[in-house]
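Next comes query.csv, a file with CSV, C-alpha atoms.
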```csv
chain,number,residue,atom,x,y,z
S,7,MET,CA,8.8,15.4,23.0
S,8,PRO,CA,5.4,13.9,23.7
S,9,PHE,CA,3.5,12.4,20.8
S,10,THR,CA,6.2,13.0,18.2
S,11,PRO,CA,8.1,10.6,16.0
S,12,LEU,CA,11.4,12.2,17.0
S,13,HIS,CA,12.5,9.3,19.2
S,14,MET,CA,12.4,7.1,16.1
S,15,GLY,CA,15.5,8.9,14.9
S,16,PRO,CA,17.9,7.3,17.4
S,17,GLY,CA,15.9,4.0,16.9
S,18,MET,CA,16.7,4.2,13.2
S,19,ALA,CA,20.4,4.6,14.1
S,20,VAL,CA,20.2,1.5,16.2
S,21,LYS,CA,18.4,-0.4,13.4
S,22,ALA,CA,21.1,0.6,11.0
S,23,VAL,CA,23.8,-1.0,13.1
S,24,ALA,CA,21.8,-4.0,14.5
S,25,GLN,CA,19.9,-4.7,11.3
S,26,GLU,CA,17.8,-7.9,11.7
S,27,ARG,CA,18.6,-8.1,15.4
S,28,PHE,CA,16.5,-5.0,16.2
S,29,SER,CA,12.8,-4.4,15.5
S,30,LEU,CA,12.0,-0.8,14.7
S,31,VAL,CA,8.3,-1.6,15.0
S,32,ILE,CA,8.6,-2.9,18.6
S,33,PHE,CA,10.9,0.0,19.5
S,34,GLY,CA,8.2,2.4,18.2
S,35,TRP,CA,5.5,0.5,20.2
S,36,ALA,CA,7.6,1.0,23.3
S,37,GLN,CA,7.7,4.8,22.6
S,38,ILE,CA,4.0,4.9,22.3
S,39,LEU,CA,3.4,2.9,25.6
S,40,VAL,CA,5.7,5.2,27.5
S,41,ASP,CA,3.8,8.3,26.3
S,42,LEU,CA,0.4,7.0,27.2
S,43,GLN,CA,0.6,8.5,30.7
S,44,PRO,CA,1.3,12.0,29.3
S,45,LEU,CA,-1.6,11.5,26.9
S,46,VAL,CA,-4.0,10.8,29.8
S,47,VAL,CA,-2.7,13.8,31.7
S,48,VAL,CA,-3.2,16.0,28.6
S,49,LEU,CA,-6.8,14.7,28.1
S,50,THR,CA,-7.9,14.8,31.8
S,51,HIS,CA,-5.7,17.7,33.1
S,52,GLU,CA,-4.9,15.5,36.1
S,53,GLY,CA,-1.6,14.0,37.2
S,54,GLN,CA,2.0,14.6,36.5
S,55,THR,CA,3.0,14.8,32.8
S,56,HIS,CA,6.2,12.8,33.2
S,57,GLY,CA,5.3,10.4,36.0
S,58,VAL,CA,6.2,6.8,36.7
S,59,THR,CA,6.2,5.9,33.0
S,60,HIS,CA,9.1,8.3,32.5
S,61,THR,CA,11.4,6.6,35.0
S,62,PHE,CA,13.9,3.9,34.2
S,63,ILE,CA,11.8,1.4,36.1
S,64,GLY,CA,8.7,2.4,34.2
S,65,GLY,CA,10.5,2.4,30.9
S,66,SER,CA,11.8,-1.1,31.7
S,67,VAL,CA,8.4,-2.4,32.5
S,68,LEU,CA,6.8,-0.8,29.5
S,69,GLY,CA,9.7,-1.9,27.3
S,70,ALA,CA,9.0,-5.5,28.4
S,71,ALA,CA,5.3,-5.0,27.7
S,72,ALA,CA,6.1,-3.7,24.3
S,73,ALA,CA,8.3,-6.8,23.6
S,74,ALA,CA,5.6,-9.3,24.8
S,75,SER,CA,2.7,-7.6,23.0
S,76,GLY,CA,4.7,-6.2,20.1
S,77,LYS,CA,6.2,-9.4,18.7
S,78,PRO,CA,3.0,-10.8,17.4
S,79,ILE,CA,1.7,-7.4,16.3
S,80,ALA,CA,5.0,-6.5,14.5
S,81,GLU,CA,5.1,-9.9,12.8
S,82,GLY,CA,1.5,-9.6,11.7
S,83,LEU,CA,2.0,-6.1,10.3
S,84,LEU,CA,5.2,-6.9,8.5
S,85,ASN,CA,3.8,-10.1,7.0
S,86,LEU,CA,0.7,-8.3,5.9
S,87,PHE,CA,2.7,-5.9,3.8
S,88,ARG,CA,5.5,-8.2,2.6
S,89,LYS,CA,5.8,-9.2,-1.0
S,90,LYS,CA,4.4,-12.7,-1.7
S,91,GLU,CA,7.6,-14.0,-3.0
S,92,LYS,CA,9.5,-13.0,0.2
S,93,PRO,CA,9.6,-15.4,3.2
S,94,ARG,CA,7.4,-14.7,6.2
S,95,VAL,CA,8.9,-12.4,8.8
S,96,HIS,CA,9.8,-13.9,12.1
S,97,ILE,CA,11.1,-11.8,15.0
S,98,SER,CA,13.0,-13.8,17.6
S,99,TRP,CA,12.1,-13.3,21.3
S,100,LYS,CA,15.7,-12.1,21.9
S,101,THR,CA,15.2,-9.4,19.2
S,102,ALA,CA,11.8,-8.5,20.7
S,103,TRP,CA,13.1,-8.1,24.2
S,104,TRP,CA,16.1,-6.1,23.1
S,105,SER,CA,14.0,-3.8,20.9
S,106,GLY,CA,11.3,-3.2,23.6
S,107,LEU,CA,13.8,-2.5,26.4
S,108,VAL,CA,15.9,-0.2,24.2
S,109,GLY,CA,12.7,1.6,23.3
S,110,GLY,CA,11.4,2.1,26.8
S,111,LEU,CA,14.8,3.0,28.4
S,112,SER,CA,15.9,5.3,25.6
S,113,HIS,CA,12.6,7.2,25.7
S,114,VAL,CA,13.2,7.9,29.4
S,115,LEU,CA,16.9,8.9,28.8
S,116,LEU,CA,16.1,11.2,25.9
S,117,ASP,CA,13.2,12.9,27.7
S,118,GLY,CA,15.3,13.1,30.9
S,119,LEU,CA,17.9,15.1,29.1
S,120,ILE,CA,15.5,18.0,28.5
S,121,TYR,CA,12.4,17.9,30.7
S,122,PRO,CA,12.8,19.5,34.2
S,123,ASP,CA,9.7,17.8,35.7
S,124,MET,CA,11.2,14.3,35.3
S,125,SER,CA,12.7,12.0,38.0
S,126,PRO,CA,14.2,9.2,35.8
S,127,PHE,CA,15.9,7.5,38.8
S,128,TRP,CA,12.7,7.4,40.9
S,129,PRO,CA,12.3,5.9,43.5
S,130,PHE,CA,16.0,5.9,44.3
S,131,VAL,CA,16.6,9.6,43.6
S,132,GLN,CA,13.8,12.2,43.4
S,133,GLY,CA,13.9,15.0,40.9
S,134,THR,CA,17.3,14.4,39.3
S,135,ARG,CA,17.4,16.0,35.9
S,136,ILE,CA,20.2,15.1,33.5
S,137,ASP,CA,20.5,18.6,32.2
S,138,VAL,CA,22.4,18.3,28.9
S,139,PHE,CA,20.3,19.4,25.9
S,140,THR,CA,17.9,22.1,25.1
S,141,SER,CA,14.6,21.0,23.4
S,142,GLN,CA,16.0,22.3,20.1
S,143,GLY,CA,19.3,20.5,20.6
S,144,MET,CA,17.5,17.2,21.3
S,145,THR,CA,15.2,17.7,18.3
S,146,ALA,CA,18.3,18.2,16.1
S,147,PHE,CA,20.0,15.2,17.6
S,148,CYS,CA,17.0,13.0,17.0
S,149,ILE,CA,16.5,14.2,13.4
S,150,LEU,CA,20.2,13.9,12.5
S,151,SER,CA,20.6,10.4,14.1
S,152,GLY,CA,17.5,9.3,12.1
S,153,LEU,CA,18.9,10.6,8.9
S,154,ALA,CA,22.3,9.0,9.6
S,155,GLY,CA,20.6,5.8,10.5
S,156,LEU,CA,18.6,5.8,7.2
S,157,LEU,CA,21.7,6.5,5.2
S,158,VAL,CA,23.7,3.7,6.8
S,159,TYR,CA,20.7,1.3,6.6
S,160,PHE,CA,20.0,1.8,2.9
S,161,VAL,CA,23.7,1.9,2.0
S,162,THR,CA,24.3,-1.4,3.9
S,163,ARG,CA,21.2,-3.0,2.2
S,164,GLY,CA,22.4,-1.8,-1.2
S,165,VAL,CA,25.9,-3.2,-0.7
S,166,GLU,CA,24.4,-6.5,0.4
S,167,ALA,CA,22.1,-6.7,-2.6
S,168,PHE,CA,25.0,-5.8,-4.9
S,169,TYR,CA,27.2,-8.6,-3.6
S,170,LYS,CA,24.4,-11.1,-3.5
S,171,HIS,CA,23.5,-10.3,-7.1
S,172,HIS,CA,27.1,-10.6,-8.2
S,173,SER,CA,27.8,-13.8,-6.3
S,174,GLU,CA,24.8,-15.6,-8.0
S,175,LYS,CA,26.5,-15.1,-11.4
```

Could the structure of this file be written out as structure tokens, please?
Amino acid sequence: MPFTPLHMGPGMAVKAVAQERFSLVIFGWAQILVDLQPLVVVLTHEGQTHGVTHTFIGGSVLGAAAAASGKPIAEGLLNLFRKKEKPRVHISWKTAWWSGLVGGLSHVLLDGLIYPDMSPFWPFVQGTRIDVFTSQGMTAFCILSGLAGLLVYFVTRGVEAFYKHHSEK
């Protein structure tokens, strides 16, 4: 699924469960970083589409890079668009690391379930494909998990707002 937002579906499901302990922005940044190598391959027609960035080692390194660089970026973006009466957004380093690593590793796992040219366990095992889903099945899984995540997220937020409003009376 190169260059698609489909990986954000499972990310939204994690966000719905973890709430403030997970940054969807940093998760998304990790998705982008992992797909930079395939982008270079598409543009230059050189190299392997799913190379070292699409291994669990590569996903871990890029997830850590997403956490380190994404924390200030995410805080800046979220504070830029926040309502003035709301407090400034602060993402803890624990949340940043968790979000980046989940982003990098889940990208490798999701792609590893469908792409035959991947070696997610490299350098320990070469060419092992975790053959579980078709591309259409993975697309459906990503979309459905995203919709479920959105539903849970907004219902949870609505219930929290309802109880907060009624407890202030």

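Proximity ranking of S:Ser75, S:Ser173, S:Ser112, S:Gln37 relative to Trp99 in chain S places S:Ser75 first, based on all atoms listed in the file.
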
Excluding Ala74 in chain S and its own-chain neighbours fewer than 4 positions away, which residues fall within 12 Å of it when counting only C-alpha atoms? Please give them as an mmCIF file with C-alpha atoms, in the coordinates of the input.
```cif
data_model
loop_
_atom_site.group_PDB
_atom_site.id
_atom_site.type_symbol
_atom_site.label_atom_id
_atom_site.label_comp_id
_atom_site.auth_asym_id
_atom_site.auth_seq_id
_atom_site.Cartn_x
_atom_site.Cartn_y
_atom_site.Cartn_z
ATOM 1 C CA ILE S 32 8.600 -2.900 18.600
ATOM 2 C CA PHE S 33 10.900 0.000 19.500
ATOM 3 C CA TRP S 35 5.500 0.500 20.200
ATOM 4 C CA ALA S 36 7.600 1.000 23.300
ATOM 5 C CA VAL S 67 8.400 -2.400 32.500
ATOM 6 C CA LEU S 68 6.800 -0.800 29.500
ATOM 7 C CA GLY S 69 9.700 -1.900 27.300
ATOM 8 C CA ALA S 70 9.000 -5.500 28.400
ATOM 9 C CA PRO S 78 3.000 -10.800 17.400
ATOM 10 C CA ILE S 79 1.700 -7.400 16.300
ATOM 11 C CA ALA S 80 5.000 -6.500 14.500
ATOM 12 C CA ILE S 97 11.100 -11.800 15.000
ATOM 13 C CA SER S 98 13.000 -13.800 17.600
ATOM 14 C CA TRP S 99 12.100 -13.300 21.300
ATOM 15 C CA LYS S 100 15.700 -12.100 21.900
ATOM 16 C CA THR S 101 15.200 -9.400 19.200
ATOM 17 C CA ALA S 102 11.800 -8.500 20.700
ATOM 18 C CA TRP S 103 13.100 -8.100 24.200
ATOM 19 C CA TRP S 104 16.100 -6.100 23.100
ATOM 20 C CA SER S 105 14.000 -3.800 20.900
ATOM 21 C CA GLY S 106 11.300 -3.200 23.600
ATOM 22 C CA LEU S 107 13.800 -2.500 26.400
#
```

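One distance worth recording is that between CA of Ser66 in chain S and CA of Gly109 in chain S, which is 8.9 Å.
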
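Closest approach to Ile120 in chain S from the set S:Gln142, S:Asn85, S:Ser29, S:His13 is made by S:Gln142, with distances taken over all atoms listed in the file.
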
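Closest to Arg163 in chain S among S:Val23, S:Met14, S:Pro93, S:Leu111 is S:Val23, based on all atoms listed in the file.
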
Residues within 7 Å of Phe62 in chain S, please, as a ChimeraX atom specification. Count all atoms listed in the file; anything in the same chain fewer than 6 positions from it doesn't count. /S:111,114,126-127

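Distance-wise, CA of Ala24 in chain S and CA of Leu42 in chain S end up 27.2 Å apart.
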
Atom pair CA of Phe87 in chain S / CA of Val40 in chain S: separation (Å): 26.3 Å

Name all residues at most 12 Å from range 166-172 of chain S (count all atoms listed in the file; drop same-chain ones fewer than 6 positions away) and give them as a list in words. Gln25, Tyr159 and Phe160 of chain S

Rank S:Asp41, S:Asp117, S:Glu81, S:Glu91 by their smallest atom-to-atom distance to Met144 in chain S, using only C-alpha atoms, and report the top residue only. S:Asp117

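The closest residue to Leu83 in chain S, picked from S:Gly152, S:Gly118, S:Val31, S:Leu12 and counting only C-alpha atoms, is S:Val31.
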
Using only C-alpha atoms, determine which residues lie at most 12 Å from Cys148 in chain S, disregarding the query and same-chain residues fewer than 2 positions distant; provide the list as a PyMOL selection string. chain S and resi 7+10-20+112-113+116-117+139+141-146+150-155

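Counting all atoms listed in the file and comparing S:Val158, S:Ile63, S:Leu49, S:Leu86, the residue that lies closest to Phe130 in chain S is S:Ile63.
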